[in-house]
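Everything below belongs to entry04.txt, which stores compact mmCIF, C-alpha atoms.
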```txt
# COMPACT_ATOMS: atom_id res chain seq x y z
CA MET A 39 -14.60 32.68 16.08
CA LYS A 40 -11.48 31.08 17.58
CA ASN A 41 -12.25 27.59 16.29
CA ARG A 42 -12.70 28.76 12.68
CA ILE A 43 -9.94 29.04 10.10
CA GLN A 44 -10.16 31.19 6.98
CA ALA A 45 -9.32 29.18 3.86
CA LYS A 46 -9.80 28.95 0.10
CA ILE A 47 -10.45 26.03 -2.22
CA LYS A 48 -7.01 25.48 -3.78
CA ASN A 49 -7.68 22.51 -6.08
CA ARG A 50 -9.61 19.26 -6.45
CA LYS A 51 -8.55 15.85 -7.72
CA LYS A 52 -10.32 12.57 -8.42
CA VAL A 53 -8.39 9.86 -6.52
CA ALA A 54 -10.62 6.83 -7.16
CA GLU A 55 -14.01 5.96 -8.62
CA GLY A 56 -16.47 8.43 -7.07
CA THR A 57 -13.82 9.71 -4.64
CA TYR A 58 -12.32 13.20 -4.57
CA LYS A 59 -9.56 14.99 -2.71
CA VAL A 60 -9.93 18.71 -2.01
CA HIS A 61 -7.03 20.94 -0.96
CA PHE A 62 -7.69 24.13 1.02
CA SER A 63 -5.05 26.84 1.34
CA VAL A 64 -5.19 28.40 4.81
CA ALA A 65 -4.74 32.05 5.73
CA GLU A 66 -2.54 31.26 8.73
CA LYS A 67 -0.41 28.38 9.96
CA VAL A 68 -2.53 25.52 11.32
CA ASP A 69 -1.14 23.14 13.94
CA PHE A 70 -2.84 19.78 14.38
CA ILE A 71 -2.08 16.13 15.13
CA ALA A 72 -2.04 13.54 12.35
CA GLY A 73 -5.38 11.67 12.30
CA GLN A 74 -7.56 14.52 13.57
CA HIS A 75 -10.68 15.81 11.80
CA THR A 76 -11.83 19.21 10.63
CA GLY A 77 -15.11 20.75 9.52
CA VAL A 78 -16.01 22.73 6.40
CA TRP A 79 -18.46 25.63 6.23
CA LEU A 80 -19.41 26.52 2.65
CA PRO A 81 -20.37 30.16 1.94
CA ARG A 82 -23.47 29.00 0.06
CA LEU A 83 -25.12 25.87 -1.31
CA LEU A 84 -25.61 25.47 -5.05
CA HIS A 85 -27.90 22.49 -4.39
CA ASP A 86 -30.44 21.91 -1.62
CA ASP A 87 -29.21 19.97 1.39
CA SER A 88 -31.38 19.40 4.46
CA ARG A 89 -28.26 19.15 6.64
CA GLY A 90 -27.04 22.60 5.71
CA ASN A 91 -23.69 24.00 4.71
CA PHE A 92 -21.41 22.29 7.28
CA ARG A 93 -19.81 18.81 7.38
CA LEU A 94 -17.06 17.05 9.34
CA PHE A 95 -14.17 15.37 7.50
CA SER A 96 -10.98 13.59 8.53
CA VAL A 97 -7.87 15.47 7.52
CA CYS A 98 -5.84 13.37 5.08
CA SER A 99 -2.81 15.68 4.77
CA SER A 100 0.25 15.65 6.99
CA PRO A 101 0.47 18.24 9.79
CA ASN A 102 3.93 19.10 8.44
CA ASN A 103 2.19 20.99 5.62
CA LYS A 104 1.31 24.19 7.45
CA LYS A 105 -0.06 26.03 4.41
CA GLU A 106 -2.94 23.75 3.46
CA ILE A 107 -5.40 21.17 4.75
CA SER A 108 -6.72 18.37 2.56
CA ILE A 109 -9.81 16.21 2.87
CA THR A 110 -11.06 13.26 0.81
CA PHE A 111 -14.62 12.01 0.41
CA ARG A 112 -16.92 9.78 -1.59
CA ASP A 113 -19.44 11.72 -3.65
CA MET A 114 -22.78 10.27 -2.50
CA GLY A 115 -24.78 12.98 -4.25
CA SER A 116 -25.58 15.24 -1.31
CA GLY A 117 -26.17 18.91 -2.02
CA PHE A 118 -23.18 19.76 0.16
CA LYS A 119 -20.73 17.56 -1.73
CA ARG A 120 -22.07 18.55 -5.14
CA THR A 121 -21.57 22.17 -4.15
CA LEU A 122 -18.03 21.56 -2.86
CA LEU A 123 -17.13 19.95 -6.19
CA GLU A 124 -18.67 22.78 -8.24
CA LEU A 125 -17.66 25.96 -6.39
CA PRO A 126 -14.96 27.90 -8.28
CA ILE A 127 -11.32 27.38 -7.31
CA GLY A 128 -10.39 30.23 -4.97
CA THR A 129 -13.78 30.30 -3.24
CA GLU A 130 -13.42 31.34 0.39
CA VAL A 131 -14.61 28.84 3.01
CA GLU A 132 -14.21 28.37 6.75
CA LEU A 133 -12.60 25.34 8.35
CA MET A 134 -12.96 24.09 11.89
CA LYS A 135 -9.74 23.93 13.88
CA PRO A 136 -8.72 20.23 13.73
CA ALA A 137 -9.59 18.16 16.77
CA GLY A 138 -10.04 14.56 17.91
CA PHE A 139 -8.28 11.64 19.58
CA PHE A 140 -7.91 9.23 16.62
CA VAL A 141 -4.14 9.77 16.64
CA LEU A 142 -0.90 7.81 17.02
CA PRO A 143 0.00 6.62 20.54
CA LEU A 144 2.72 8.22 22.61
CA ASP A 145 4.20 4.76 23.27
CA LYS A 146 6.55 4.28 20.32
CA ASP A 147 7.05 0.58 21.17
CA GLN A 148 3.34 -0.23 20.81
CA LYS A 149 2.57 -2.27 17.68
CA ILE A 150 -0.19 -0.66 15.62
CA ALA A 151 -2.78 -2.13 13.24
CA PHE A 152 -4.98 0.04 11.03
CA ILE A 153 -8.17 -1.34 9.45
CA ALA A 154 -9.52 0.95 6.73
CA GLY A 155 -12.79 0.25 4.97
CA GLY A 156 -13.03 2.32 1.77
CA ILE A 157 -13.02 6.03 2.50
CA GLY A 158 -11.98 5.20 6.07
CA ILE A 159 -8.43 5.40 4.72
CA THR A 160 -8.40 9.21 5.09
CA PRO A 161 -7.20 9.65 8.71
CA PHE A 162 -4.62 6.92 8.16
CA MET A 163 -3.14 8.80 5.19
CA SER A 164 -2.40 11.72 7.51
CA MET A 165 -0.77 9.45 10.08
CA LEU A 166 1.18 7.36 7.56
CA ASN A 167 2.57 10.35 5.69
CA TYR A 168 3.57 12.01 8.95
CA ALA A 169 5.18 8.82 10.29
CA ALA A 170 7.22 8.45 7.09
CA GLU A 171 8.27 12.12 7.02
CA GLU A 172 9.34 12.11 10.67
CA LYS A 173 10.90 8.62 10.50
CA LEU A 174 8.84 7.56 13.51
CA PRO A 175 9.72 4.15 15.03
CA HIS A 176 6.09 2.96 15.27
CA LYS A 177 5.55 -0.46 13.69
CA ILE A 178 2.37 -0.04 11.63
CA THR A 179 0.38 -2.60 9.66
CA LEU A 180 -2.48 -1.42 7.42
CA TYR A 181 -5.36 -3.67 6.32
CA TYR A 182 -7.08 -1.77 3.51
CA VAL A 183 -10.42 -3.17 2.29
CA ASN A 184 -12.30 -2.00 -0.81
CA SER A 185 -15.22 -3.36 -2.81
CA SER A 186 -13.19 -3.11 -6.04
CA ALA A 187 -9.78 -2.03 -7.28
CA GLU A 188 -11.37 1.04 -8.88
CA THR A 189 -12.69 2.35 -5.54
CA GLY A 190 -9.38 2.03 -3.70
CA ALA A 191 -8.06 5.56 -3.14
CA PHE A 192 -4.37 6.28 -2.58
CA LEU A 193 -3.04 2.78 -3.41
CA PRO A 194 -0.09 4.10 -5.46
CA GLU A 195 0.78 6.54 -2.67
CA LEU A 196 0.51 3.82 -0.03
CA LYS A 197 2.91 1.62 -1.97
CA LYS A 198 5.40 4.51 -2.12
CA ILE A 199 5.08 5.05 1.64
CA GLU A 200 5.72 1.32 2.21
CA LYS A 201 8.98 1.58 0.25
CA LYS A 202 9.97 4.74 2.12
CA ASN A 203 9.09 3.54 5.64
CA LYS A 204 10.53 0.16 6.66
CA ASN A 205 8.23 0.17 9.71
CA PHE A 206 5.06 0.15 7.57
CA THR A 207 3.38 -2.89 5.98
CA LEU A 208 0.47 -2.64 3.52
CA ASN A 209 -2.11 -5.41 3.14
CA ASN A 210 -4.67 -4.71 0.42
CA PHE A 211 -7.97 -6.62 0.13
CA ILE A 212 -10.67 -6.55 -2.53
CA GLY A 213 -13.91 -7.64 -0.87
CA ARG A 214 -14.59 -7.91 2.84
CA GLU A 215 -15.12 -11.68 2.94
CA LYS A 216 -11.45 -12.60 2.39
CA PHE A 217 -10.32 -9.98 4.89
CA THR A 218 -12.82 -11.17 7.51
CA GLU A 219 -11.47 -14.72 7.20
CA THR A 220 -7.92 -13.38 7.56
CA MET A 221 -8.91 -11.53 10.72
CA LYS A 222 -10.55 -14.58 12.27
CA LYS A 223 -7.40 -16.63 11.75
CA MET A 224 -4.91 -13.96 12.79
CA LYS A 225 -2.91 -14.76 15.92
CA ASN A 226 -1.53 -12.44 18.61
CA GLN A 227 -4.13 -9.74 17.99
CA GLU A 228 -3.80 -8.64 21.60
CA GLU A 229 -0.29 -7.34 20.89
CA PHE A 230 -1.62 -4.50 18.73
CA LEU A 231 -3.35 -1.20 19.29
CA TRP A 232 -6.20 -1.38 16.77
CA TYR A 233 -7.63 1.53 14.78
CA ILE A 234 -10.76 0.84 12.70
CA ALA A 235 -12.25 3.40 10.29
CA GLY A 236 -14.98 2.81 7.72
CA PRO A 237 -18.74 2.27 7.32
CA PRO A 238 -20.56 1.66 10.64
CA ARG A 239 -21.48 -1.95 9.82
CA MET A 240 -17.90 -2.83 8.91
CA VAL A 241 -16.51 -1.11 12.01
CA ALA A 242 -18.93 -3.04 14.25
CA GLU A 243 -18.08 -6.35 12.57
CA MET A 244 -14.32 -5.88 12.97
CA ARG A 245 -14.68 -4.72 16.57
CA ASN A 246 -16.71 -7.84 17.41
CA ILE A 247 -14.07 -10.10 15.87
CA LEU A 248 -11.41 -8.45 18.02
CA PHE A 249 -13.59 -8.81 21.14
CA LEU A 250 -14.06 -12.52 20.43
CA ASN A 251 -10.31 -12.89 20.07
CA LYS A 252 -9.76 -11.47 23.56
CA VAL A 253 -8.47 -8.03 22.54
CA ASN A 254 -8.82 -5.52 25.37
CA PRO A 255 -11.56 -2.97 24.41
CA ALA A 256 -9.20 -0.21 25.57
CA LYS A 257 -6.90 -1.17 22.70
CA ILE A 258 -9.55 -0.62 20.00
CA LEU A 259 -10.16 2.88 18.58
CA THR A 260 -12.88 3.46 16.00
CA GLU A 261 -14.21 6.10 13.60
CA GLU A 262 -17.37 5.59 11.58
CA PHE A 263 -17.81 7.04 8.09
CA GLU A 264 -21.45 7.32 7.04
CA GLY A 265 -22.83 8.64 3.77
CA TYR A 266 -23.36 12.41 3.93
```

Would you write out, as structure tokens, the structure that this file holds?
Amino acid sequence: MKNRIQAKIKNRKKVAEGTYKVHFSVAEKVDFIAGQHTGVWLPRLLHDDSRGNFRLFSVCSSPNNKKEISITFRDMGSGFKRTLLELPIGTEVELMKPAGFFVLPLDKDQKIAFIAGGIGITPFMSMLNYAAEEKLPHKITLYYVNSSAETGAFLPELKKIEKKNKNFTLNNFIGREKFTETMKKMKNQEEFLWYIAGPPRMVAEMRNILFLNKVNPAKILTEEFEGY
């Protein structure tokens, strides 16, 4: 099928407490836009899963890497994820051709604010790595919220990107309460194009705060990450 890509499990890495990154080597060059999502079809399930052998994931790798696609996820114990973590390295899988509109704006003068709740950081990693590699002029501020320091994936990498890209600012929060208070007090929110990715409840809460602060709904993009 045209929307399927032949790939193999290249390697796996634990990137935070209960969080894993999986690299897939692809049989042919894959073009996509930073921030898009893919899908994974497993050849078989080693553990029962009522939802079957397919799942959607945000791509966390840069589109400049044409030879592999990477995803990151929290292991919530589903049969699908347990299987993905246990299948032998080199196992052949199929990937969905990346798609989606959760991507950087064409307007390079537009200020950008990312809000990432936990594993919601994944599409932003793709965009931030790409922006740093291409030396894009976008001014980007990331608000990264985790329940604990141990569950915060990619923090060392984010700090390296901040040093590399003068247009990127990292704000790290442990616990949502402090971040919520920061959001309520923040001025000039209407100047930004807002991207929110994380658990549905968190996404809804942040979106409502922005609405109350007079941010145009057209300037709020969201992606919800549920347990699967």

Exercise for the section: Go through A:Leu122, A:Leu144, A:Leu133, A:Leu208 one by one, measure the shortest atom-to-atom distance of each to Ser96 in chain A using only C-alpha atoms, and give the residue with the smallest value. Expected result: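 Going through A:Leu122, A:Leu144, A:Leu133, A:Leu208 one by one, the smallest distance to Ser96 in chain A is for A:Leu133.
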
Problem - Which residue of A:Thr179, A:Ser88, A:Ser63, A:Thr189 approaches Gly117 in chain A most closely, using only C-alpha atoms - result: A:Ser88

Exercise for the section: Using all atoms listed in the file, determine which residues lie at most 12 Å from range 255-263 of chain A, disregarding the query and same-chain residues fewer than 3 positions distant; provide the list as JSON, numbers by chain. Expected result: {"A": [73, 74, 75, 93, 94, 95, 96, 110, 111, 112, 138, 139, 140, 141, 142, 143, 148, 149, 150, 151, 152, 153, 154, 155, 156, 157, 158, 159, 160, 161, 162, 227, 228, 229, 230, 231, 232, 233, 234, 235, 236, 237, 238, 239, 240, 241, 242, 243, 244, 245, 246, 247, 248, 249, 250, 251, 252, 266]}

Practice task
Name the closest residue to Cys98 in chain A among the candidates A:Lys52, A:Lys59, A:Arg82, A:Lys135; distances are taken between atoms, counting all atoms listed in the file.
Solution key: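 For Cys98 in chain A, the nearest of the given residues is A:Lys59.
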
Practice task
May I ask which of the residues A:Asn167, A:Thr76, A:Asn254, A:Asn103 is the closest one to Met134 in chain A, counting only C-alpha atoms?
Solution key: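 The closest residue to Met134 in chain A is A:Thr76.
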
Practice task
Please identify all polymer residues within 7 Å of range 209-215 of chain A, counting all atoms listed in the file, omitting same-chain residues fewer than 5 positions from it, and present them as a list in words.
Solution key: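 What passes the distance filter is Leu180, Tyr181, Tyr182, Val183, Asn184, Ser185, Ser186 and Ala187 of chain A.
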
Go ahead and dump the residues you just picked, C-alpha atoms, as a CSV table (one decimal), in the frame of the given file.
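So the final result, stored in result-v9.csv, reads:
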```csv
chain,number,residue,atom,x,y,z
A,180,LEU,CA,-2.5,-1.4,7.4
A,181,TYR,CA,-5.4,-3.7,6.3
A,182,TYR,CA,-7.1,-1.8,3.5
A,183,VAL,CA,-10.4,-3.2,2.3
A,184,ASN,CA,-12.3,-2.0,-0.8
A,185,SER,CA,-15.2,-3.4,-2.8
A,186,SER,CA,-13.2,-3.1,-6.0
A,187,ALA,CA,-9.8,-2.0,-7.3
```

Handout entry: Exercise: Phe70 in chain A partners within 8 Å, only C-alpha atoms, chain neighbours under 6 positions left out, as a ChimeraX atom specification
Key = /A:101,136-137

Requested write-out: C-alpha atoms of the selected residues, as a short mmCIF file (atom, residue, chain, number, x, y, z; two decimals), keeping the file's coordinate frame:
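Heads up, here's the output in selection.cif:
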```cif
data_model
loop_
_atom_site.label_atom_id
_atom_site.label_comp_id
_atom_site.auth_asym_id
_atom_site.auth_seq_id
_atom_site.Cartn_x
_atom_site.Cartn_y
_atom_site.Cartn_z
CA PRO A 101 0.47 18.24 9.79
CA PRO A 136 -8.72 20.23 13.73
CA ALA A 137 -9.59 18.16 16.77
#
```

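Rounded to one decimal, CA of His85 in chain A and CA of Val64 in chain A lie 25.2 Å from each other.
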
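You can rank A:Ser164, A:Lys105, A:Lys177, A:Thr129 by their closest distance to Glu195 in chain A using only C-alpha atoms, and at the top of that list sits A:Ser164.
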
Completion exercise
Separating CA of Ile107 in chain A from CA of Phe62 in chain A, to the nearest tenth of an Å, is a gap of 5.3 Å

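Atom pair CA of Val60 in chain A / CA of Asn203 in chain A: separated by 25.5 Å.
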
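Using all atoms listed in the file, the smallest distance between any of A:Val131, A:Ala54, A:Met114, A:Ala65 and Pro81 in chain A comes from A:Val131.
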
Using the partial input, fill out range 245-260 of chain A with N, CA, C and O atoms; write the result as an mmCIF file, in the coordinates of the input.
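result.cif written:
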```cif
data_model
loop_
_atom_site.group_PDB
_atom_site.id
_atom_site.type_symbol
_atom_site.label_atom_id
_atom_site.label_comp_id
_atom_site.auth_asym_id
_atom_site.auth_seq_id
_atom_site.Cartn_x
_atom_site.Cartn_y
_atom_site.Cartn_z
ATOM 1 N N ARG A 245 -14.799 -4.876 15.117
ATOM 2 C CA ARG A 245 -14.680 -4.720 16.570
ATOM 3 C C ARG A 245 -15.127 -5.992 17.277
ATOM 4 O O ARG A 245 -14.474 -6.455 18.229
ATOM 5 N N ASN A 246 -16.221 -6.610 16.799
ATOM 6 C CA ASN A 246 -16.710 -7.840 17.410
ATOM 7 C C ASN A 246 -15.727 -8.984 17.246
ATOM 8 O O ASN A 246 -15.550 -9.807 18.156
ATOM 9 N N ILE A 247 -15.073 -9.054 16.089
ATOM 10 C CA ILE A 247 -14.070 -10.100 15.870
ATOM 11 C C ILE A 247 -12.924 -9.943 16.865
ATOM 12 O O ILE A 247 -12.445 -10.913 17.464
ATOM 13 N N LEU A 248 -12.486 -8.705 17.074
ATOM 14 C CA LEU A 248 -11.410 -8.450 18.020
ATOM 15 C C LEU A 248 -11.833 -8.792 19.450
ATOM 16 O O LEU A 248 -11.061 -9.368 20.224
ATOM 17 N N PHE A 249 -13.075 -8.457 19.813
ATOM 18 C CA PHE A 249 -13.590 -8.810 21.140
ATOM 19 C C PHE A 249 -13.549 -10.325 21.346
ATOM 20 O O PHE A 249 -13.110 -10.822 22.397
ATOM 21 N N LEU A 250 -14.022 -11.064 20.342
ATOM 22 C CA LEU A 250 -14.060 -12.520 20.430
ATOM 23 C C LEU A 250 -12.665 -13.127 20.547
ATOM 24 O O LEU A 250 -12.482 -14.206 21.113
ATOM 25 N N ASN A 251 -11.691 -12.408 20.009
ATOM 26 C CA ASN A 251 -10.310 -12.890 20.070
ATOM 27 C C ASN A 251 -9.542 -12.308 21.267
ATOM 28 O O ASN A 251 -8.318 -12.261 21.270
ATOM 29 N N LYS A 252 -10.310 -11.859 22.260
ATOM 30 C CA LYS A 252 -9.760 -11.470 23.560
ATOM 31 C C LYS A 252 -8.938 -10.180 23.537
ATOM 32 O O LYS A 252 -8.094 -9.950 24.410
ATOM 33 N N VAL A 253 -9.167 -9.311 22.557
ATOM 34 C CA VAL A 253 -8.470 -8.030 22.540
ATOM 35 C C VAL A 253 -9.121 -7.098 23.551
ATOM 36 O O VAL A 253 -10.354 -6.968 23.593
ATOM 37 N N ASN A 254 -8.321 -6.456 24.370
ATOM 38 C CA ASN A 254 -8.820 -5.520 25.370
ATOM 39 C C ASN A 254 -9.554 -4.374 24.664
ATOM 40 O O ASN A 254 -8.991 -3.731 23.770
ATOM 41 N N PRO A 255 -10.823 -4.078 25.041
ATOM 42 C CA PRO A 255 -11.560 -2.970 24.410
ATOM 43 C C PRO A 255 -10.811 -1.643 24.454
ATOM 44 O O PRO A 255 -10.992 -0.801 23.567
ATOM 45 N N ALA A 256 -9.960 -1.444 25.460
ATOM 46 C CA ALA A 256 -9.200 -0.210 25.570
ATOM 47 C C ALA A 256 -8.149 -0.082 24.464
ATOM 48 O O ALA A 256 -7.611 1.007 24.244
ATOM 49 N N LYS A 257 -7.891 -1.190 23.771
ATOM 50 C CA LYS A 257 -6.900 -1.170 22.700
ATOM 51 C C LYS A 257 -7.559 -1.159 21.317
ATOM 52 O O LYS A 257 -6.944 -1.500 20.316
ATOM 53 N N ILE A 258 -8.825 -0.714 21.267
ATOM 54 C CA ILE A 258 -9.550 -0.620 20.000
ATOM 55 C C ILE A 258 -10.108 0.805 19.869
ATOM 56 O O ILE A 258 -10.924 1.245 20.679
ATOM 57 N N LEU A 259 -9.664 1.518 18.856
ATOM 58 C CA LEU A 259 -10.160 2.880 18.580
ATOM 59 C C LEU A 259 -10.925 2.835 17.262
ATOM 60 O O LEU A 259 -10.482 2.188 16.311
ATOM 61 N N THR A 260 -12.062 3.532 17.204
ATOM 62 C CA THR A 260 -12.880 3.460 16.000
ATOM 63 C C THR A 260 -13.345 4.833 15.527
ATOM 64 O O THR A 260 -13.500 5.762 16.328
#
```
